[in-house]
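Structure first, then comments.
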2 protein chains.
Amino acid sequence: MTDTLRITPLGGLGEVGKNMMLIEYGDDAIAIDCGLMFPEHDMHGIDLVIPDITYLQDNPDLLKAIFLTHGHEDHIGALPYILPEVPVPLYATPLTRGLIEIKLKEARLLSKIDIHTIDTDSVIEIGPFTVEPFHVCHSIPDAVGYAIYTPRGLIVHTGEYKFDDTPADGRPPDIDRLRRYGDEGVLALLSDSTNAERPGRTPSEQIVSQAFDKIFARARGRIIVATFASNISRVQQVINTAMQYNRKVAVVGRSMVETVKMAMNLGYLTVPEDILIHVDDLDDYPDSQIAIVCTGTQGEPTSALVRMANQEHRQVSLKAGDTAILSATAIPGNEELVNRTINNLFRLGVDVIYQNLMPVHVSGHAAQEEQKLMLELTRPEYFIPIQGEYRMLVLHGRVGEEVGIPPERIFVVENGQVIEFDEDGAYRAEKVPSGHVLVDGLGIGDIGSVVLRDRHQLARDGFVVVVIVLDEQTGELVEGPEIISRGFVYMRDAEDLLDEAKERVIDLLESGNVHRDTASTVVRDNLSQFLYKRTRRRPMIFPMVVEV
Amino acid sequence: MTDTLRITPLGGLGEVGKNMMLIEYGDDAIAIDCGLMFPEHDMHGIDLVIPDITYLQDNPDLLKAIFLTHGHEDHIGALPYILPEVPVPLYATPLTRGLIEIKLKEARLLSKIDIHTIDTDSVIEIGPFTVEPFHVCHSIPDAVGYAIYTPRGLIVHTGEYKFDDTPADGRPPDIDRLRRYGDEGVLALLSDSTNAERPGRTPSEQIVSQAFDKIFARARGRIIVATFASNISRVQQVINTAMQYNRKVAVVGRSMVETVKMAMNLGYLTVPEDILIHVDDLDDYPDSQIAIVCTGTQGEPTSALVRMANQEHRQVSLKAGDTAILSATAIPGNEELVNRTINNLFRLGVDVIYQNLMPVHVSGHAAQEEQKLMLELTRPEYFIPIQGEYRMLVLHGRVGEEVGIPPERIFVVENGQVIEFDEDGAYRAEKVPSGHVLVDGLGIGDIGSVVLRDRHQLARDGFVVVVIVLDEQTGELVEGPEIISRGFVYMRDAEDLLDEAKERVIDLLESGNVHRDTASTVVRDNLSQFLYKRTRRRPMIFPMVVEV
């Protein structure tokens with residue numbers, strides 16, 4: 001196996017190869033990205049989801065470094081959880097590093113981890129790998145893909161990208177570099193599949209600037225722009241437009257303030273003097289000279305925009321004449337919360353502008369024609385669509401076929417599927433543990449399907465605990481039954497039902513037909529039937545028999 | 001108040017005036033529609049949501065009849081719950097009646113309710129109202145709007161509509177009738193706002209037929225088309241295309257079979273002889289001669305398509321070469337389940353075609369240019385946008401302004417807001433109870449915010465019950481503490497934590513500092529702190545102190 005190159009997508013939730021890709025040769029491996037996922041709707045109470053790194057734990061000296069493509073949560077967010085297990089050096093561009101440092105500081109890990117700052121001129125040698133970051137355009141500045149020279153050939157990992165010739169940060173994609181790799185010969189391309197459902201090209205960030213321009217030109221009141229804290233480019237666009245229309249900009253919300261400060265320090269945000277004002281000073285300016293940047297595009301209950309929409313924001317009280325811009329798409333699953341927020345803003349008389357109405361957001365991912373361009377520039381021998389749900393990988397694979405890659409050289413795989421490259425070619429090898437690990441409070445991985453199933457049932461029909469005290473000697477009922485129940489019925493209105501339930505338990509126990517050892521089971525079955533018949537609900541029922 | 005006309009949207013969840021509109025004059029009222037809503041994500045365990053009819057219950061003889069616009073759940077689905085409270089006659093077109101009867105039969109109400117079949121030539125007089133149904137095009141046949149002549153003037157309720165000149169059932173919209181109402185003079189237009197976010201016109205149903213044609217022309221294996229059971233027009237389109245390409249059609253799933261049978265009996269589905277086959281006979285035909293119609297477009301776990309996608313369907317086992325068409329849009333909130341289904345189908349090698357890829361579904365609702373046409377045909381004095389979330393009503397209101405309706409004659413209101421029309425004009429009057437009622441099993445309205453909050457907390461962090469038995473005389477601990485917990489930690493791995501919790505409770509009780517009367521509170525607070533510190537989770541904690 002020593003002269004075999006192995007490529008494996010590790011971890012993920014629905015999406016394949018998004019949060020972590022492993023590249024392995026002999027006794028060495030590097031990972032690209034280490035991101036987190038947000039829990040799905042049926043993962044009750046889970047805070048976030050991280051990749052399963054059992055494979056790395058089983059092979060403790062294998063991983064030598066993690067390379068980060070950009071600073072979004074789904075690419076760097078698992079570092080605080082994974083690094084304690086595999087404390088390897090990180091490689092990241094300055095802005096990505098800045099975002100990582102905020103995280104590691106919070107997790108008290110910053111002093112324990114080596115972070116190397118890289119740029120698109122860097123060449124990093126690690127074991128058998130030589131790694132070159134190359135510039136790509138994405139919805140955050142300083143994003144890179146990686147060219148990884150291995151003894152088996154050159155691997156190109158695109159990171160998340162689109163081909164935007166007029167990006168917000170003024171740095172167009174590095175077509176020449178990609179062509180150079182193509183000329184050198186690419187063994188395998190690992191490319192972003194997110195927008196494989198979309199024909200054509202993703203519009204440039206410029207159309208967002210144009211939309212902002214139109215909105216700022218006509219708005220008379222305050223303008224509130226909500227976006228992701230990490231979307232530095234979008235913040236820059238707001239600042240640019242505000243400047244043009246003589247508006248001051250207040251940055252509102254802790255995460256947004258922190259990120260903006262860091263990006264300014266690192267030179268990734270160009271902010272003219274005096275344009276930023278503090279949220280407490282908003283009253284010093286007429287509404288027509290104010291723009292506010294904040295979070296809340298996903299309808300997050302604690303975000304600034306949602307507080308404003310609910311008239312619960314301490315410093316900003318919205319009113320008719322104000323304009324709110326939601327500069328992001330709702331992540332699937334968040335639509336309800338986002339729609340509620342938009343409705344509430346409209347209820348205040350605010351003019352709300354969101355993606356259905358104007359192009360105030362564009363995707364940061366390549367659509368089909370750009371995916372073709374990537375394939376044509378790099379001309380890979382093998383093609384591995386990554387970063388997408390399975391259907392997107394399939395569709396991206398078809399894009400590959402359209403530009404002439406033979407189907408047998410396209411690998412549409414699941415997380416954990418190892419693809420091996422040896423002298424005879426490439427093929428699917430074994431599967432390694434992958435999947436995902438649930439984080440709930442301090443617990444990492446302790447919540448599994450059993451607890452989730454219980455939470456699901458508790459959420460649906462609640463629980464009933466019945467406490468019965470029996471005489472140790474005679475088995476006779478000494479006290480109880482007492483009932484505790486939540487989430488099943490409204491207790492105040494259900495006294496009759498619960499009294500009847502107690503009577504049934506007493507009758508059962510006094511009938512003399514119930515043996516002490518099986519009392520618990522008999523009570524549960526009997527109550528379960530009774531309550532279902534009366535309510536058509538199935539609460540979890542727990543009899544607790546105490547003997548004194 | 002006797003010569004005042006009152007119009008009130010009643011009930012709803014997010015959407016205004018969708019599920020029930022009340023039209024009242026003097027001592028008489030009629031309602032348009034009586035639909036249900038599907039619970040939002042945070043309504044744990046709720047089966048469905050119906051309008052709050054407190055106002056009708058407080059005024060028991062007010063309501064004289066319910067007119068139904070079409071047979072979708074959100075327009076007829078609450079009848080089985082509302083009719084027992086207000087057993088009034090219903091008026092519906094034949095197909096809508098057919099769908100209602102299925103429901104009332106299940107609820108054992110069919111014999112108790114008068115249902116009148118109407119058509120677009122009907123004129124129904126009820127108290128001071130004269131009601132004329134008029135034909136509209138929607139995603140179900142036999143849909144109507146209503147012209148309601150009242151002593152104050154003519155009210156036009158559009159129902160749900162689009163202007164489709166080439167609809168699946170061949171019946172174009174009744175432009176002449178609408179123009180006639182406009183000529184007669186319309187006091188108020190109540191019009192469908194669902195697509196007020198969309199510029200232009202909604203495409204005709206014909207583009208779906210064209211998409212089906214393309215897909216059937218190239219598919220070699222079986223074709224599975226999923227749609228809503230009520231979407232009779234879509235089923236007709238599948239049958240037409242199947243016929244053209246010599247495929248037999250199997251209808252799969254109870255609700256689909258039932259609806260198709262009913263629609264055939266009533267003549268709303270034209271099915272050539274011998275084209276329908278039973279699902280058990282699929283093996284008698286080559287794959288290339290098979291089409292299957294079923295439900296499952298929302299990723300419903302028990303639907304035929306989802307069972308097929310999970311390889312759990314008893315009669316249909318999908319394989320590479322088969323084609324699945326999802327002929328519907330995901331209802332907001334269902335995206336995760338729908339995407340999972342699509343991914344799983346792709347995993348089986350099935351070619352999946354859904355709206356992102358081809359126009360295999362179109363909306364049944366008017367977009368902005370059609371909304372303008374409706375306004376221009378009817379030329380109402382007042383305009384009440386209905387059937388949409390608040391933001392859609394606002395946007396629809398703007399469409400009204402664009403065609404020249406003065407803003408003060410446009411009423412964007414919430415559910416429960418009465419709009420009164422008297423000799424001086426129209427204005428917002430009082431608010432009547434509206435909102436919604438939650439149905440959970442047999443319970444209608446018994447689950448409110450308290451139980452939902454408990455379910456929410458149980459879902460997030462579970463519960464812990466601590467049973468302590470004290471000596472009645474001495475107050476000393478006789479038995480316990482025993483702990484029951486679910487949804488909080490994985491019990492098998494948490495023995496240490498729970499043992500420690502028990503120790504703390506024993507120490508507390510034996511310290512002599514805890515009075516019997518406050519034991520419960522002290523134990524809860526103490527355990528709560530302890531468990532939060534150790535897990536960063538907040539389970540519901542219930543100490544139960546029993547004295548013997």
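Ordering of the structure tokens sets the chain letters (A, B, ...), residue numbers begin anew at 1 in every chain, and ligands are numbered from 1 in the order given.
Selected on chain B by distance to chain A: His44, Gly45, Gly333, Asn343, Tyr390, Arg391, Gly441, Leu442, Val451, Asp454, Arg455, Leu458, Ala459, Arg460, Gly487, Tyr490, Thr535, Arg536 and Arg537 of chain B (within 6 Å, counting only C-alpha atoms).
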File of the preceding selection, N, CA, C and O atoms, as an mmCIF file, in the first residue's frame:
```cif
data_model
loop_
_atom_site.group_PDB
_atom_site.id
_atom_site.type_symbol
_atom_site.label_atom_id
_atom_site.label_comp_id
_atom_site.auth_asym_id
_atom_site.auth_seq_id
_atom_site.Cartn_x
_atom_site.Cartn_y
_atom_site.Cartn_z
ATOM 1 N N HIS B 44 -44.355 20.848 17.959
ATOM 2 C CA HIS B 44 -44.024 19.436 18.133
ATOM 3 C C HIS B 44 -45.267 18.583 18.366
ATOM 4 O O HIS B 44 -46.079 18.885 19.230
ATOM 5 N N GLY B 45 -45.373 17.517 17.623
ATOM 6 C CA GLY B 45 -46.403 16.516 17.866
ATOM 7 C C GLY B 45 -47.786 16.890 17.356
ATOM 8 O O GLY B 45 -48.720 16.094 17.475
ATOM 9 N N GLY B 333 -40.241 24.002 4.573
ATOM 10 C CA GLY B 333 -40.154 23.168 5.766
ATOM 11 C C GLY B 333 -39.921 21.707 5.400
ATOM 12 O O GLY B 333 -39.417 20.935 6.197
ATOM 13 N N ASN B 343 -31.887 12.278 -3.194
ATOM 14 C CA ASN B 343 -30.552 11.672 -3.068
ATOM 15 C C ASN B 343 -30.630 10.152 -3.041
ATOM 16 O O ASN B 343 -29.846 9.472 -3.695
ATOM 17 N N TYR B 390 -48.082 37.612 5.119
ATOM 18 C CA TYR B 390 -48.232 39.067 5.187
ATOM 19 C C TYR B 390 -47.425 39.777 4.092
ATOM 20 O O TYR B 390 -47.909 40.710 3.449
ATOM 21 N N ARG B 391 -46.194 39.322 3.857
ATOM 22 C CA ARG B 391 -45.360 39.992 2.857
ATOM 23 C C ARG B 391 -45.985 39.930 1.466
ATOM 24 O O ARG B 391 -45.866 40.850 0.670
ATOM 25 N N GLY B 441 -53.975 14.182 17.874
ATOM 26 C CA GLY B 441 -54.765 12.988 18.156
ATOM 27 C C GLY B 441 -56.219 13.374 18.230
ATOM 28 O O GLY B 441 -56.744 14.038 17.347
ATOM 29 N N LEU B 442 -56.878 12.980 19.331
ATOM 30 C CA LEU B 442 -58.284 13.319 19.499
ATOM 31 C C LEU B 442 -58.465 14.715 20.083
ATOM 32 O O LEU B 442 -59.587 15.209 20.177
ATOM 33 N N VAL B 451 -47.952 23.365 26.793
ATOM 34 C CA VAL B 451 -47.537 22.009 26.426
ATOM 35 C C VAL B 451 -46.487 22.056 25.316
ATOM 36 O O VAL B 451 -45.510 21.307 25.339
ATOM 37 N N ASP B 454 -43.172 22.841 26.805
ATOM 38 C CA ASP B 454 -42.621 21.649 27.456
ATOM 39 C C ASP B 454 -42.067 20.673 26.424
ATOM 40 O O ASP B 454 -40.980 20.124 26.589
ATOM 41 N N ARG B 455 -42.825 20.452 25.372
ATOM 42 C CA ARG B 455 -42.351 19.516 24.340
ATOM 43 C C ARG B 455 -41.043 20.017 23.727
ATOM 44 O O ARG B 455 -40.135 19.236 23.426
ATOM 45 N N LEU B 458 -38.341 19.325 26.237
ATOM 46 C CA LEU B 458 -38.087 17.879 26.286
ATOM 47 C C LEU B 458 -37.296 17.439 25.061
ATOM 48 O O LEU B 458 -36.396 16.608 25.149
ATOM 49 N N ALA B 459 -37.647 17.989 23.906
ATOM 50 C CA ALA B 459 -36.961 17.633 22.665
ATOM 51 C C ALA B 459 -35.504 18.045 22.738
ATOM 52 O O ALA B 459 -34.622 17.352 22.246
ATOM 53 N N ARG B 460 -35.257 19.196 23.350
ATOM 54 C CA ARG B 460 -33.907 19.731 23.336
ATOM 55 C C ARG B 460 -33.008 18.996 24.326
ATOM 56 O O ARG B 460 -31.911 18.601 23.990
ATOM 57 N N GLY B 487 -33.733 11.212 26.981
ATOM 58 C CA GLY B 487 -33.487 12.357 26.104
ATOM 59 C C GLY B 487 -32.412 13.299 26.607
ATOM 60 O O GLY B 487 -32.149 14.333 25.999
ATOM 61 N N TYR B 490 -27.078 9.439 27.193
ATOM 62 C CA TYR B 490 -27.217 8.026 26.885
ATOM 63 C C TYR B 490 -27.007 7.268 28.186
ATOM 64 O O TYR B 490 -25.904 7.219 28.719
ATOM 65 N N THR B 535 -22.701 19.034 31.851
ATOM 66 C CA THR B 535 -23.085 18.678 30.472
ATOM 67 C C THR B 535 -23.423 19.873 29.598
ATOM 68 O O THR B 535 -23.543 19.742 28.394
ATOM 69 N N ARG B 536 -23.604 21.047 30.192
ATOM 70 C CA ARG B 536 -24.116 22.218 29.474
ATOM 71 C C ARG B 536 -25.478 21.916 28.819
ATOM 72 O O ARG B 536 -25.779 22.364 27.726
ATOM 73 N N ARG B 537 -26.264 21.095 29.502
ATOM 74 C CA ARG B 537 -27.625 20.816 29.034
ATOM 75 C C ARG B 537 -28.592 21.148 30.156
ATOM 76 O O ARG B 537 -28.214 21.118 31.322
#
```
Excluding Glu369 (chain B) and any residue of its chain fewer than 3 positions from it, enumerate the residues within 7 Å of it, using only C-alpha atoms, and give them as a PyMOL selection string.
chain B and resi 199-201+372-373
As a ChimeraX atom specification, list the residues of region 431-475 of chain A assigned to strand (DSSP E) by DSSP on the backbone atoms of this structure.
/A:431,436-440,443-444,463-470
Top pick for closest residue to Thr297 (chain B), considering B:Arg492, B:His72, B:His361, B:Lys105 and counting only C-alpha atoms
B:His361
Just the residues within 9 Å of Ala250 (chain B), please, counting only C-alpha atoms, with nothing from its chain fewer than 2 positions along; format it as a list in words.
Lys248, Val252, Ile275, Leu276, Ile277, His278, Val279, Asp281, Leu282, Ile290, Ala291, Ile292, Val293 and Cys294 of chain B
Nearest to Thr117 (chain A) by atom-to-atom distance, counting only C-alpha atoms, from A:Val136, A:Ile102, A:Leu90, A:Cys34:
A:Leu90
I want to know what sits within 12 Å of Ile126 (chain B), based on only C-alpha atoms, with residues of the same chain fewer than 2 positions away left out; could you give that as number ranges by chain?
B: 23-25, 27-31, 62-67, 88-91, 123-124, 128-132, 148-150
Using only C-alpha atoms, which of A:Asn415, A:Tyr161, A:Leu269, A:Pro173 sits nearest Met20 (chain A)?
A:Asn415
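For the set B:Glu430, B:Gly159, B:Ile386, B:Gln371, the residue with the smallest atom-to-atom gap to Val403 (chain B) is B:Gln371, counting only C-alpha atoms.
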